[in-house]
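The data block below is data37.cif; it holds mmCIF, N, CA and C atoms and all ligand atoms.
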data_final
loop_
_atom_site.group_PDB
_atom_site.id
_atom_site.type_symbol
_atom_site.label_atom_id
_atom_site.label_comp_id
_atom_site.auth_asym_id
_atom_site.auth_seq_id
_atom_site.Cartn_x
_atom_site.Cartn_y
_atom_site.Cartn_z
ATOM 1 N N MET A 1 0.826 -1.201 0.000
ATOM 2 C CA MET A 1 0.000 0.000 0.000
ATOM 3 C C MET A 1 0.862 1.253 0.000
ATOM 4 N N SER A 2 1.978 1.227 0.767
ATOM 5 C CA SER A 2 2.822 2.419 0.815
ATOM 6 C C SER A 2 3.485 2.673 -0.540
ATOM 7 N N ARG A 3 3.780 1.588 -1.305
ATOM 8 C CA ARG A 3 4.342 1.782 -2.641
ATOM 9 C C ARG A 3 3.354 2.501 -3.549
ATOM 10 N N LEU A 4 2.076 2.117 -3.424
ATOM 11 C CA LEU A 4 1.043 2.763 -4.227
ATOM 12 C C LEU A 4 0.939 4.242 -3.875
ATOM 13 N N ILE A 5 0.982 4.547 -2.599
ATOM 14 C CA ILE A 5 0.895 5.951 -2.168
ATOM 15 C C ILE A 5 2.115 6.727 -2.690
ATOM 16 N N THR A 6 3.298 6.106 -2.588
ATOM 17 C CA THR A 6 4.514 6.757 -3.100
ATOM 18 C C THR A 6 4.406 6.992 -4.595
ATOM 19 N N PHE A 7 3.927 5.961 -5.327
ATOM 20 C CA PHE A 7 3.770 6.093 -6.785
ATOM 21 C C PHE A 7 2.817 7.234 -7.124
ATOM 22 N N VAL A 8 1.680 7.285 -6.444
ATOM 23 C CA VAL A 8 0.693 8.338 -6.704
ATOM 24 C C VAL A 8 1.286 9.703 -6.372
ATOM 25 N N ALA A 9 2.032 9.791 -5.279
ATOM 26 C CA ALA A 9 2.635 11.070 -4.885
ATOM 27 C C ALA A 9 3.658 11.523 -5.932
ATOM 28 N N VAL A 10 4.473 10.578 -6.424
ATOM 29 C CA VAL A 10 5.472 10.916 -7.439
ATOM 30 C C VAL A 10 4.779 11.358 -8.729
ATOM 31 N N CYS A 11 3.745 10.619 -9.121
ATOM 32 C CA CYS A 11 3.009 10.999 -10.340
ATOM 33 C C CYS A 11 2.389 12.379 -10.188
ATOM 34 N N GLY A 12 1.853 12.640 -9.010
ATOM 35 C CA GLY A 12 1.255 13.954 -8.768
ATOM 36 C C GLY A 12 2.297 15.052 -8.854
ATOM 37 N N ALA A 13 3.472 14.803 -8.267
ATOM 38 C CA ALA A 13 4.543 15.804 -8.313
ATOM 39 C C ALA A 13 5.004 16.038 -9.740
ATOM 40 N N VAL A 14 5.123 14.962 -10.518
ATOM 41 C CA VAL A 14 5.530 15.098 -11.921
ATOM 42 C C VAL A 14 4.477 15.886 -12.703
ATOM 43 N N ALA A 15 3.214 15.595 -12.459
ATOM 44 C CA ALA A 15 2.138 16.304 -13.158
ATOM 45 C C ALA A 15 2.150 17.784 -12.816
ATOM 46 N N VAL A 16 2.368 18.116 -11.550
ATOM 47 C CA VAL A 16 2.422 19.524 -11.141
ATOM 48 C C VAL A 16 3.618 20.201 -11.786
ATOM 49 N N ALA A 17 4.776 19.515 -11.778
ATOM 50 C CA ALA A 17 5.974 20.093 -12.394
ATOM 51 C C ALA A 17 5.768 20.303 -13.888
ATOM 52 N N ALA A 18 5.149 19.342 -14.549
ATOM 53 C CA ALA A 18 4.902 19.473 -15.988
ATOM 54 C C ALA A 18 3.944 20.629 -16.270
ATOM 55 N N ALA A 19 2.901 20.741 -15.470
ATOM 56 C CA ALA A 19 1.956 21.837 -15.665
ATOM 57 C C ALA A 19 2.643 23.180 -15.444
ATOM 58 N N HIS A 20 3.512 23.238 -14.436
ATOM 59 C CA HIS A 20 4.256 24.476 -14.170
ATOM 60 C C HIS A 20 5.180 24.798 -15.341
ATOM 61 N N ALA A 21 5.878 23.775 -15.851
ATOM 62 C CA ALA A 21 6.781 23.983 -16.983
ATOM 63 C C ALA A 21 6.020 24.490 -18.196
ATOM 64 N N VAL A 22 4.858 23.929 -18.469
ATOM 65 C CA VAL A 22 4.046 24.376 -19.604
ATOM 66 C C VAL A 22 3.644 25.830 -19.405
ATOM 67 N N ALA A 23 3.229 26.169 -18.174
ATOM 68 C CA ALA A 23 2.822 27.544 -17.899
ATOM 69 C C ALA A 23 3.989 28.501 -18.072
ATOM 70 N N VAL A 24 5.183 28.102 -17.625
ATOM 71 C CA VAL A 24 6.362 28.954 -17.748
ATOM 72 C C VAL A 24 6.720 29.149 -19.213
ATOM 73 N N PHE A 25 6.774 28.047 -19.989
ATOM 74 C CA PHE A 25 7.141 28.162 -21.395
ATOM 75 C C PHE A 25 6.081 28.931 -22.170
ATOM 76 N N ALA A 26 4.816 28.732 -21.861
ATOM 77 C CA ALA A 26 3.757 29.430 -22.583
ATOM 78 C C ALA A 26 3.865 30.926 -22.384
ATOM 79 N N ALA A 27 4.353 31.341 -21.223
ATOM 80 C CA ALA A 27 4.445 32.758 -20.934
ATOM 81 C C ALA A 27 5.623 33.412 -21.645
ATOM 82 N N GLU A 28 6.579 32.626 -22.167
ATOM 83 C CA GLU A 28 7.783 33.183 -22.763
ATOM 84 C C GLU A 28 7.649 33.486 -24.254
ATOM 85 N N PHE A 29 6.616 33.007 -24.906
ATOM 86 C CA PHE A 29 6.494 33.192 -26.347
ATOM 87 C C PHE A 29 5.527 34.310 -26.690
ATOM 88 N N GLU A 30 5.893 35.095 -27.670
ATOM 89 C CA GLU A 30 5.012 36.114 -28.217
ATOM 90 C C GLU A 30 4.158 35.463 -29.308
ATOM 91 N N PRO A 31 3.082 36.073 -29.692
ATOM 92 C CA PRO A 31 2.293 35.524 -30.808
ATOM 93 C C PRO A 31 3.147 35.455 -32.074
ATOM 94 N N PRO A 32 2.907 34.468 -32.940
ATOM 95 C CA PRO A 32 3.711 34.355 -34.167
ATOM 96 C C PRO A 32 3.513 35.555 -35.085
ATOM 97 N N VAL A 33 4.572 35.892 -35.772
ATOM 98 C CA VAL A 33 4.553 37.021 -36.708
ATOM 99 C C VAL A 33 5.043 36.505 -38.056
ATOM 100 N N ARG A 34 4.347 36.833 -39.123
ATOM 101 C CA ARG A 34 4.750 36.442 -40.459
ATOM 102 C C ARG A 34 5.725 37.501 -40.983
ATOM 103 N N LEU A 35 6.986 37.115 -41.158
ATOM 104 C CA LEU A 35 8.005 38.069 -41.608
ATOM 105 C C LEU A 35 7.913 38.270 -43.107
ATOM 106 N N LYS A 36 8.187 39.491 -43.544
ATOM 107 C CA LYS A 36 8.200 39.813 -44.965
ATOM 108 C C LYS A 36 9.567 40.350 -45.354
ATOM 109 N N GLY A 37 10.043 39.925 -46.522
ATOM 110 C CA GLY A 37 11.236 40.489 -47.145
ATOM 111 C C GLY A 37 10.749 41.333 -48.299
ATOM 112 N N GLY A 38 10.772 42.649 -48.142
ATOM 113 C CA GLY A 38 10.104 43.515 -49.112
ATOM 114 C C GLY A 38 8.607 43.350 -48.917
ATOM 115 N N ASP A 39 7.896 43.063 -49.993
ATOM 116 C CA ASP A 39 6.442 42.853 -49.899
ATOM 117 C C ASP A 39 6.057 41.378 -49.837
ATOM 118 N N ALA A 40 7.038 40.472 -49.958
ATOM 119 C CA ALA A 40 6.749 39.035 -49.993
ATOM 120 C C ALA A 40 7.025 38.377 -48.643
ATOM 121 N N VAL A 41 6.183 37.438 -48.296
ATOM 122 C CA VAL A 41 6.368 36.673 -47.065
ATOM 123 C C VAL A 41 7.630 35.830 -47.189
ATOM 124 N N VAL A 42 8.427 35.782 -46.124
ATOM 125 C CA VAL A 42 9.626 34.941 -46.106
ATOM 126 C C VAL A 42 9.183 33.486 -46.046
ATOM 127 N N ARG A 43 9.640 32.701 -47.008
ATOM 128 C CA ARG A 43 9.256 31.293 -47.083
ATOM 129 C C ARG A 43 10.492 30.411 -47.053
ATOM 130 N N VAL A 44 10.289 29.174 -46.677
ATOM 131 C CA VAL A 44 11.357 28.185 -46.757
ATOM 132 C C VAL A 44 10.999 27.216 -47.877
ATOM 133 N N GLU A 45 12.025 26.604 -48.443
ATOM 134 C CA GLU A 45 11.800 25.685 -49.548
ATOM 135 C C GLU A 45 11.668 24.263 -49.050
ATOM 136 N N SER A 46 10.942 23.449 -49.811
ATOM 137 C CA SER A 46 10.804 22.037 -49.494
ATOM 138 C C SER A 46 12.169 21.360 -49.675
ATOM 139 N N PRO A 47 12.592 20.457 -48.868
ATOM 140 C CA PRO A 47 11.827 19.775 -47.838
ATOM 141 C C PRO A 47 11.959 20.403 -46.457
ATOM 142 N N GLY A 48 12.419 21.630 -46.350
ATOM 143 C CA GLY A 48 12.578 22.254 -45.051
ATOM 144 C C GLY A 48 14.039 22.337 -44.647
ATOM 145 N N TYR A 49 14.328 22.106 -43.407
ATOM 146 C CA TYR A 49 15.683 22.194 -42.843
ATOM 147 C C TYR A 49 16.285 23.575 -43.076
ATOM 148 N N ALA A 50 15.477 24.605 -43.052
ATOM 149 C CA ALA A 50 15.933 25.952 -43.376
ATOM 150 C C ALA A 50 16.827 26.551 -42.297
ATOM 151 N N ALA A 51 16.609 26.191 -41.040
ATOM 152 C CA ALA A 51 17.402 26.673 -39.906
ATOM 153 C C ALA A 51 17.637 28.183 -39.957
ATOM 154 N N PRO A 52 16.576 28.993 -39.986
ATOM 155 C CA PRO A 52 16.777 30.438 -40.045
ATOM 156 C C PRO A 52 17.512 30.949 -38.802
ATOM 157 N N CYS A 53 18.289 31.981 -39.001
ATOM 158 C CA CYS A 53 18.989 32.595 -37.870
ATOM 159 C C CYS A 53 19.254 34.066 -38.188
ATOM 160 N N TRP A 54 19.643 34.789 -37.160
ATOM 161 C CA TRP A 54 19.930 36.216 -37.297
ATOM 162 C C TRP A 54 21.430 36.435 -37.160
ATOM 163 N N SER A 55 22.000 37.214 -38.060
ATOM 164 C CA SER A 55 23.416 37.568 -37.983
ATOM 165 C C SER A 55 23.635 38.853 -38.784
ATOM 166 N N ASP A 56 24.514 39.698 -38.285
ATOM 167 C CA ASP A 56 24.812 40.951 -38.986
ATOM 168 C C ASP A 56 25.818 40.657 -40.098
ATOM 169 N N VAL A 57 25.324 40.256 -41.252
ATOM 170 C CA VAL A 57 26.181 39.834 -42.361
ATOM 171 C C VAL A 57 26.952 41.013 -42.962
ATOM 172 N N ASP A 58 26.322 42.184 -43.056
ATOM 173 C CA ASP A 58 26.977 43.313 -43.714
ATOM 174 C C ASP A 58 27.637 44.291 -42.748
ATOM 175 N N GLY A 59 27.611 43.995 -41.454
ATOM 176 C CA GLY A 59 28.335 44.810 -40.471
ATOM 177 C C GLY A 59 27.756 46.192 -40.226
ATOM 178 N N ASP A 60 26.457 46.385 -40.488
ATOM 179 C CA ASP A 60 25.862 47.703 -40.241
ATOM 180 C C ASP A 60 25.252 47.837 -38.842
ATOM 181 N N GLY A 61 25.439 46.824 -37.997
ATOM 182 C CA GLY A 61 24.920 46.865 -36.633
ATOM 183 C C GLY A 61 23.523 46.298 -36.488
ATOM 184 N N LEU A 62 22.874 45.941 -37.589
ATOM 185 C CA LEU A 62 21.532 45.354 -37.535
ATOM 186 C C LEU A 62 21.616 43.888 -37.961
ATOM 187 N N LYS A 63 21.019 43.015 -37.188
ATOM 188 C CA LYS A 63 21.063 41.591 -37.527
ATOM 189 C C LYS A 63 20.147 41.302 -38.717
ATOM 190 N N ASP A 64 20.710 40.676 -39.722
ATOM 191 C CA ASP A 64 19.971 40.293 -40.923
ATOM 192 C C ASP A 64 19.449 38.874 -40.753
ATOM 193 N N LEU A 65 18.387 38.543 -41.491
ATOM 194 C CA LEU A 65 17.799 37.206 -41.410
ATOM 195 C C LEU A 65 18.419 36.308 -42.473
ATOM 196 N N LEU A 66 18.923 35.163 -42.056
ATOM 197 C CA LEU A 66 19.487 34.177 -42.971
ATOM 198 C C LEU A 66 18.590 32.951 -42.962
ATOM 199 N N VAL A 67 18.209 32.487 -44.156
ATOM 200 C CA VAL A 67 17.340 31.320 -44.276
ATOM 201 C C VAL A 67 18.005 30.329 -45.225
ATOM 202 N N GLY A 68 18.319 29.168 -44.731
ATOM 203 C CA GLY A 68 19.009 28.161 -45.529
ATOM 204 C C GLY A 68 18.082 27.473 -46.512
ATOM 205 N N GLN A 69 18.717 26.772 -47.434
ATOM 206 C CA GLN A 69 17.992 26.031 -48.459
ATOM 207 C C GLN A 69 18.676 24.676 -48.558
ATOM 208 N N PHE A 70 17.933 23.617 -48.443
ATOM 209 C CA PHE A 70 18.522 22.289 -48.318
ATOM 210 C C PHE A 70 19.067 21.736 -49.629
ATOM 211 N N ASN A 71 18.289 21.781 -50.699
ATOM 212 C CA ASN A 71 18.635 21.050 -51.923
ATOM 213 C C ASN A 71 19.987 21.439 -52.531
ATOM 214 N N GLN A 72 20.293 22.730 -52.559
ATOM 215 C CA GLN A 72 21.549 23.167 -53.171
ATOM 216 C C GLN A 72 22.481 23.824 -52.174
ATOM 217 N N GLY A 73 22.076 23.864 -50.897
ATOM 218 C CA GLY A 73 22.950 24.398 -49.855
ATOM 219 C C GLY A 73 23.167 25.896 -49.919
ATOM 220 N N LYS A 74 22.207 26.619 -50.474
ATOM 221 C CA LYS A 74 22.349 28.072 -50.558
ATOM 222 C C LYS A 74 21.670 28.718 -49.345
ATOM 223 N N ILE A 75 22.041 29.973 -49.090
ATOM 224 C CA ILE A 75 21.485 30.712 -47.951
ATOM 225 C C ILE A 75 20.954 32.039 -48.449
ATOM 226 N N ARG A 76 19.682 32.286 -48.177
ATOM 227 C CA ARG A 76 19.078 33.562 -48.592
ATOM 228 C C ARG A 76 19.228 34.561 -47.443
ATOM 229 N N VAL A 77 19.682 35.765 -47.784
ATOM 230 C CA VAL A 77 19.897 36.824 -46.798
ATOM 231 C C VAL A 77 18.854 37.912 -47.004
ATOM 232 N N PHE A 78 18.155 38.221 -45.933
ATOM 233 C CA PHE A 78 17.190 39.318 -45.939
ATOM 234 C C PHE A 78 17.795 40.446 -45.100
ATOM 235 N N LYS A 79 18.296 41.477 -45.777
ATOM 236 C CA LYS A 79 18.957 42.578 -45.077
ATOM 237 C C LYS A 79 17.961 43.306 -44.177
ATOM 238 N N ASN A 80 18.402 43.540 -42.949
ATOM 239 C CA ASN A 80 17.582 44.268 -41.985
ATOM 240 C C ASN A 80 17.649 45.758 -42.303
ATOM 241 N N LEU A 81 16.488 46.360 -42.583
ATOM 242 C CA LEU A 81 16.415 47.777 -42.923
ATOM 243 C C LEU A 81 16.116 48.647 -41.714
ATOM 244 N N GLY A 82 15.912 48.015 -40.554
ATOM 245 C CA GLY A 82 15.525 48.744 -39.353
ATOM 246 C C GLY A 82 14.019 48.902 -39.285
ATOM 247 N N ASP A 83 13.527 49.317 -38.133
ATOM 248 C CA ASP A 83 12.088 49.508 -37.907
ATOM 249 C C ASP A 83 11.272 48.259 -38.229
ATOM 250 N N GLY A 84 11.861 47.066 -38.039
ATOM 251 C CA GLY A 84 11.149 45.815 -38.257
ATOM 252 C C GLY A 84 10.984 45.442 -39.719
ATOM 253 N N LYS A 85 11.697 46.115 -40.620
ATOM 254 C CA LYS A 85 11.549 45.826 -42.055
ATOM 255 C C LYS A 85 12.772 45.089 -42.579
ATOM 256 N N LEU A 86 12.509 44.172 -43.520
ATOM 257 C CA LEU A 86 13.553 43.408 -44.191
ATOM 258 C C LEU A 86 13.478 43.675 -45.688
ATOM 259 N N ALA A 87 14.659 43.722 -46.319
ATOM 260 C CA ALA A 87 14.711 43.849 -47.779
ATOM 261 C C ALA A 87 14.354 42.504 -48.393
ATOM 262 N N PRO A 88 13.972 42.486 -49.676
ATOM 263 C CA PRO A 88 13.751 41.191 -50.342
ATOM 264 C C PRO A 88 15.020 40.334 -50.243
ATOM 265 N N GLY A 89 14.837 39.043 -50.157
ATOM 266 C CA GLY A 89 15.973 38.146 -49.983
ATOM 267 C C GLY A 89 16.854 38.039 -51.212
ATOM 268 N N ASP A 90 18.130 37.825 -50.957
ATOM 269 C CA ASP A 90 19.090 37.602 -52.036
ATOM 270 C C ASP A 90 20.048 36.509 -51.564
ATOM 271 N N TRP A 91 20.525 35.696 -52.499
ATOM 272 C CA TRP A 91 21.418 34.612 -52.112
ATOM 273 C C TRP A 91 22.727 35.163 -51.549
ATOM 274 N N LEU A 92 23.227 34.549 -50.533
ATOM 275 C CA LEU A 92 24.523 34.899 -49.957
ATOM 276 C C LEU A 92 25.596 34.688 -51.025
ATOM 277 N N LYS A 93 26.477 35.665 -51.168
ATOM 278 C CA LYS A 93 27.525 35.601 -52.187
ATOM 279 C C LYS A 93 28.890 35.407 -51.518
ATOM 280 N N ALA A 94 29.776 34.729 -52.236
ATOM 281 C CA ALA A 94 31.169 34.591 -51.828
ATOM 282 C C ALA A 94 32.020 34.747 -53.079
ATOM 283 N N GLU A 95 32.882 35.727 -53.051
ATOM 284 C CA GLU A 95 33.759 36.022 -54.183
ATOM 285 C C GLU A 95 32.962 36.203 -55.474
ATOM 286 N N GLY A 96 31.826 36.895 -55.385
ATOM 287 C CA GLY A 96 31.023 37.230 -56.551
ATOM 288 C C GLY A 96 30.056 36.158 -57.015
ATOM 289 N N SER A 97 30.124 34.984 -56.430
ATOM 290 C CA SER A 97 29.220 33.899 -56.823
ATOM 291 C C SER A 97 28.303 33.515 -55.668
ATOM 292 N N THR A 98 27.190 32.901 -56.005
ATOM 293 C CA THR A 98 26.286 32.416 -54.970
ATOM 294 C C THR A 98 26.995 31.345 -54.143
ATOM 295 N N ALA A 99 27.023 31.575 -52.833
ATOM 296 C CA ALA A 99 27.703 30.636 -51.941
ATOM 297 C C ALA A 99 26.870 29.381 -51.756
ATOM 298 N N GLN A 100 27.525 28.248 -51.642
ATOM 299 C CA GLN A 100 26.830 26.997 -51.391
ATOM 300 C C GLN A 100 27.558 26.223 -50.303
ATOM 301 N N VAL A 101 26.775 25.633 -49.427
ATOM 302 C CA VAL A 101 27.310 24.802 -48.359
ATOM 303 C C VAL A 101 27.051 23.357 -48.753
ATOM 304 N N PRO A 102 28.092 22.565 -48.915
ATOM 305 C CA PRO A 102 27.875 21.171 -49.316
ATOM 306 C C PRO A 102 26.960 20.438 -48.338
ATOM 307 N N GLY A 103 26.063 19.610 -48.874
ATOM 308 C CA GLY A 103 25.174 18.823 -48.054
ATOM 309 C C GLY A 103 25.911 17.727 -47.314
ATOM 310 N N VAL A 104 25.294 17.248 -46.284
ATOM 311 C CA VAL A 104 25.914 16.188 -45.500
ATOM 312 C C VAL A 104 25.289 14.824 -45.804
ATOM 313 N N TRP A 105 24.174 14.822 -46.567
ATOM 314 C CA TRP A 105 23.559 13.550 -46.895
ATOM 315 C C TRP A 105 23.765 13.200 -48.324
HETATM 316 CA CA CA A 201 23.131 43.973 -41.074
#
For this file, produce the structure as structure tokens.
Amino acid sequence: MSRLITFVAVCGAVAVAAAHAVAVFAAEFEPPVRLKGGDAVVRVESPGYAAPCWSDVDGDGLKDLLVGQFNQGKIRVFKNLGDGKLAPGDWLKAEGSTAQVPGVW
């Protein structure tokens, strides 16, 4: 009987902790925002694996949006114009050519 009580107590504690964790994480997210590069919505290409991230590619102090592309290993850069605006995307260039990251598969 004491094992059953211990099991129920542990399950209850886990449930409370999980509910608390959900409440904490839910409070940390803002509503989703659809980003635009120029007038077009920023999209990822099939099959996904875009791994978007922010980095100041051009060194102007504003983090630009980088969105990867799986099939050919290219990265689209959306220059940050400030005030929450992004320029239309353009492929990342290296030495005048479109840069490509070799795939791992
Ligand atoms: Ca920048």
Hits from the PyMOL selection byres (((not hetatm) and name CA) within 10 of (chain A and resi 201)), listed as a PyMOL selection string
chain A and resi 54-65+77-82
Report, in Å to a single decimal, how far apart atom CA of Cys53 of chain A and atom N of Leu92 of chain A are.
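Between these atoms lies a distance of 13.5 Å.
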If you measure from atom N of Asp83 of chain A to atom C of Asp39 of chain A, what distance in Å do you get, rounded to one decimal?
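These atoms are spaced 16.0 Å apart.
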Mind listing the strand (DSSP E) residues of segment 33-96 of chain A, per DSSP on the backbone, as a list in words?
Lys36, Gly37, Ala40, Val41, Cys53, Trp54, Ser55, Asp64, Leu65, Leu66, Val67, Gly68, Ile75, Arg76, Val77, Phe78, Asn80, Leu81, Gly82, Lys85, Leu86, Asp90, Trp91, Lys93 and Ala94 of chain A
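Between atom CA of Lys85 of chain A and atom N of Glu45 of chain A the separation is 20.3 Å.
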Tell me which of A:Asp90, A:Phe70, A:Gln100, A:Val33 sits closest to Ser46 of chain A, counting all atoms listed in the file.
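Closest residue, counting all atoms listed in the file: A:Phe70.
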Could you tell me which of A:Gly68, A:Gly103, A:Gly89, A:Gly96 comes closest to Val44 of chain A if we count only N, CA and C atoms?
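Distance minimum relative to Val44 of chain A lands on A:Gly68.
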Could you pull out the residues in segment 25-99 of chain A that DSSP calls alpha helix (DSSP H) from the backbone, as a PyMOL selection string?
chain A and resi 25-28
Smallest atom-to-atom distance to Lys36 of chain A: which of A:Leu86, A:Ala94, A:Ala51, A:Ala99, using all atoms listed in the file?
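The answer is A:Leu86, which sits nearest to Lys36 of chain A.
Proximity of A:Pro47, A:Gly84, A:Gly38, A:Pro32 to Gln69 of chain A, computed with only N, CA and C atoms, is greatest for A:Pro47.
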